[in-house]
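For reference, the structure discussed in these notes is given below.
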Amino acid sequence: ALHDAEALVAAREDLVVLDDERRLLLADEPTGALDSVTSRQLFELLRDLSEAGNTVVMVTHDLTGGRYASRTLHMTDGRLAGSDHHTVR
């Protein structure tokens with residue numbers, strides 16, 4: 001059960017399906033207005049979508065989100081500052 005279903009529904013405003021045929025999903029700060037429990041649930045949902053063959057691109061300042069990603073890119077002053085590959089949990 002969702003901790004705060006209304007908050008998760010509100011987060012959908014920050015999710016954009018750019019290309020349904022190629023299954024590309026963009027998430028721009030999707031957890032900015034969510035509490036920690038609902039944020040975790042959203043990260044898990046995005047991870048599940050990725051594991052199902054969708055491409056998920058998420059931009060966030062929430063470092064917790066990186067734990068759910070197979071790859072993270074780090075930006076500093078608008079430039080690529082590094083990247084990491086992860087084993088998704």
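All residue names refer to the structure tokens as shown: chains lettered A, B, ... in order, residues numbered from 1 in each chain, ligands numbered from 1 in order.
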Practice task
Write out as JSON, numbers by chain the residues lying within 10 Å of Gly66 (chain A), counting only C-alpha atoms and excluding same-chain residues fewer than 5 positions away.
Solution key: {"A": [43, 58, 60, 61, 71, 72, 73, 84, 85, 86, 88]}
Handout entry: Contacts of Asn54 (chain A) within 8 Å, only C-alpha atoms, excl. fewer than 4 positions in-chain, as a PyMOL selection string
Key = chain A and resi 22-25+49-50
Written file, previous selection with N, CA, C and O atoms, as a short mmCIF file (atom, residue, chain, number, x, y, z; two decimals), in the first residue's frame:
```
data_model
loop_
_atom_site.label_atom_id
_atom_site.label_comp_id
_atom_site.auth_asym_id
_atom_site.auth_seq_id
_atom_site.Cartn_x
_atom_site.Cartn_y
_atom_site.Cartn_z
N ARG A 22 9.50 3.65 -27.90
CA ARG A 22 10.82 3.23 -27.42
C ARG A 22 10.85 3.08 -25.91
O ARG A 22 11.87 2.77 -25.33
N ARG A 23 9.74 3.40 -25.26
CA ARG A 23 9.59 3.26 -23.82
C ARG A 23 10.63 4.06 -23.05
O ARG A 23 11.40 3.53 -22.27
N LEU A 24 10.63 5.37 -23.30
CA LEU A 24 11.54 6.29 -22.65
C LEU A 24 10.75 7.17 -21.69
O LEU A 24 9.77 7.79 -22.06
N LEU A 25 11.19 7.20 -20.43
CA LEU A 25 10.51 7.97 -19.40
C LEU A 25 11.50 8.97 -18.82
O LEU A 25 12.61 8.59 -18.41
N LEU A 49 10.25 -0.25 -13.57
CA LEU A 49 10.00 0.09 -14.98
C LEU A 49 11.27 -0.11 -15.81
O LEU A 49 11.21 -0.63 -16.93
N SER A 50 12.41 0.25 -15.24
CA SER A 50 13.68 0.06 -15.94
C SER A 50 13.98 -1.43 -16.12
O SER A 50 14.37 -1.86 -17.21
#
```
Exercise for the section: Would you please work out which residue, of A:Leu80, A:Thr87, A:Thr31, A:Gln41, is nearest to Val59 (chain A) when using only C-alpha atoms? Expected result: A:Thr31
Exercise for the section: For CA of Thr76 (chain A) and CA of Asp62 (chain A), determine how far apart the two atoms are, in Å to one decimal place. Expected result: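 We find that CA of Thr76 (chain A) and CA of Asp62 (chain A) lie 14.8 Å from each other.
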Exercise for the section: Tell me, in Å to one decimal, how far CA of Thr55 (chain A) is from CA of Ser36 (chain A). Expected result: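 CA of Thr55 (chain A) sits 23.8 Å away from CA of Ser36 (chain A).
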Problem - CA of Arg47 (chain A) to CA of Pro30 (chain A), straight-line distance in Å - result: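 Atom-to-atom, CA of Pro30 (chain A) and CA of Arg47 (chain A) are spaced 13.2 Å apart.
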Handout entry: Within 9 Å of Arg40 (chain A) using only C-alpha atoms, minus same-chain residues under 4 positions, as a ChimeraX atom specification
Key = /A:31,35-36,44-45,64-65
Just all heavy atoms for this one: save the residues we selected as a PDB file, in the first residue's frame.
```pdb
ATOM      1  N   THR A  31      10.769  13.463  -6.838  1.00  0.00           N
ATOM      2  CA  THR A  31      10.506  13.303  -5.404  1.00  0.00           C
ATOM      3  C   THR A  31      10.569  14.615  -4.641  1.00  0.00           C
ATOM      4  O   THR A  31      10.501  14.621  -3.417  1.00  0.00           O
ATOM      5  CB  THR A  31      11.523  12.313  -4.785  1.00  0.00           C
ATOM      6  OG1 THR A  31      12.842  12.834  -4.972  1.00  0.00           O
ATOM      7  CG2 THR A  31      11.402  10.941  -5.429  1.00  0.00           C
ATOM      8  N   ASP A  35       7.386  12.863   0.754  1.00  0.00           N
ATOM      9  CA  ASP A  35       8.078  12.470   1.975  1.00  0.00           C
ATOM     10  C   ASP A  35       8.989  11.284   1.661  1.00  0.00           C
ATOM     11  O   ASP A  35       8.962  10.732   0.561  1.00  0.00           O
ATOM     12  CB  ASP A  35       7.067  12.123   3.081  1.00  0.00           C
ATOM     13  CG  ASP A  35       6.163  10.972   2.704  1.00  0.00           C
ATOM     14  OD1 ASP A  35       6.681   9.884   2.350  1.00  0.00           O
ATOM     15  OD2 ASP A  35       4.931  11.148   2.751  1.00  0.00           O
ATOM     16  N   SER A  36       9.805  10.887   2.620  1.00  0.00           N
ATOM     17  CA  SER A  36      10.822   9.862   2.360  1.00  0.00           C
ATOM     18  C   SER A  36      10.224   8.501   2.018  1.00  0.00           C
ATOM     19  O   SER A  36      10.775   7.783   1.174  1.00  0.00           O
ATOM     20  CB  SER A  36      11.771   9.744   3.551  1.00  0.00           C
ATOM     21  OG  SER A  36      11.070   9.340   4.710  1.00  0.00           O
ATOM     22  N   GLU A  44      11.413   2.886  -6.303  1.00  0.00           N
ATOM     23  CA  GLU A  44      11.223   1.456  -6.562  1.00  0.00           C
ATOM     24  C   GLU A  44      10.406   1.241  -7.837  1.00  0.00           C
ATOM     25  O   GLU A  44      10.703   0.351  -8.635  1.00  0.00           O
ATOM     26  CB  GLU A  44      10.566   0.778  -5.367  1.00  0.00           C
ATOM     27  CG  GLU A  44      11.482   0.678  -4.166  1.00  0.00           C
ATOM     28  CD  GLU A  44      10.789   0.202  -2.901  1.00  0.00           C
ATOM     29  OE1 GLU A  44       9.538   0.053  -2.891  1.00  0.00           O
ATOM     30  OE2 GLU A  44      11.501  -0.010  -1.896  1.00  0.00           O
ATOM     31  N   LEU A  45       9.380   2.076  -8.029  1.00  0.00           N
ATOM     32  CA  LEU A  45       8.562   1.984  -9.234  1.00  0.00           C
ATOM     33  C   LEU A  45       9.397   2.282 -10.478  1.00  0.00           C
ATOM     34  O   LEU A  45       9.334   1.544 -11.474  1.00  0.00           O
ATOM     35  CB  LEU A  45       7.382   2.956  -9.153  1.00  0.00           C
ATOM     36  CG  LEU A  45       6.541   3.107 -10.414  1.00  0.00           C
ATOM     37  CD1 LEU A  45       5.845   1.788 -10.756  1.00  0.00           C
ATOM     38  CD2 LEU A  45       5.527   4.228 -10.244  1.00  0.00           C
ATOM     39  N   THR A  64      19.583   9.662  -2.635  1.00  0.00           N
ATOM     40  CA  THR A  64      18.997   8.350  -2.381  1.00  0.00           C
ATOM     41  C   THR A  64      18.587   7.683  -3.688  1.00  0.00           C
ATOM     42  O   THR A  64      18.688   6.468  -3.835  1.00  0.00           O
ATOM     43  CB  THR A  64      17.759   8.483  -1.461  1.00  0.00           C
ATOM     44  OG1 THR A  64      18.148   9.138  -0.269  1.00  0.00           O
ATOM     45  CG2 THR A  64      17.159   7.140  -1.135  1.00  0.00           C
ATOM     46  N   GLY A  65      18.145   8.448  -4.651  1.00  0.00           N
ATOM     47  CA  GLY A  65      17.687   7.903  -5.925  1.00  0.00           C
ATOM     48  C   GLY A  65      18.757   7.120  -6.656  1.00  0.00           C
ATOM     49  O   GLY A  65      18.464   6.162  -7.373  1.00  0.00           O
TER      50      GLY A  65
END
```
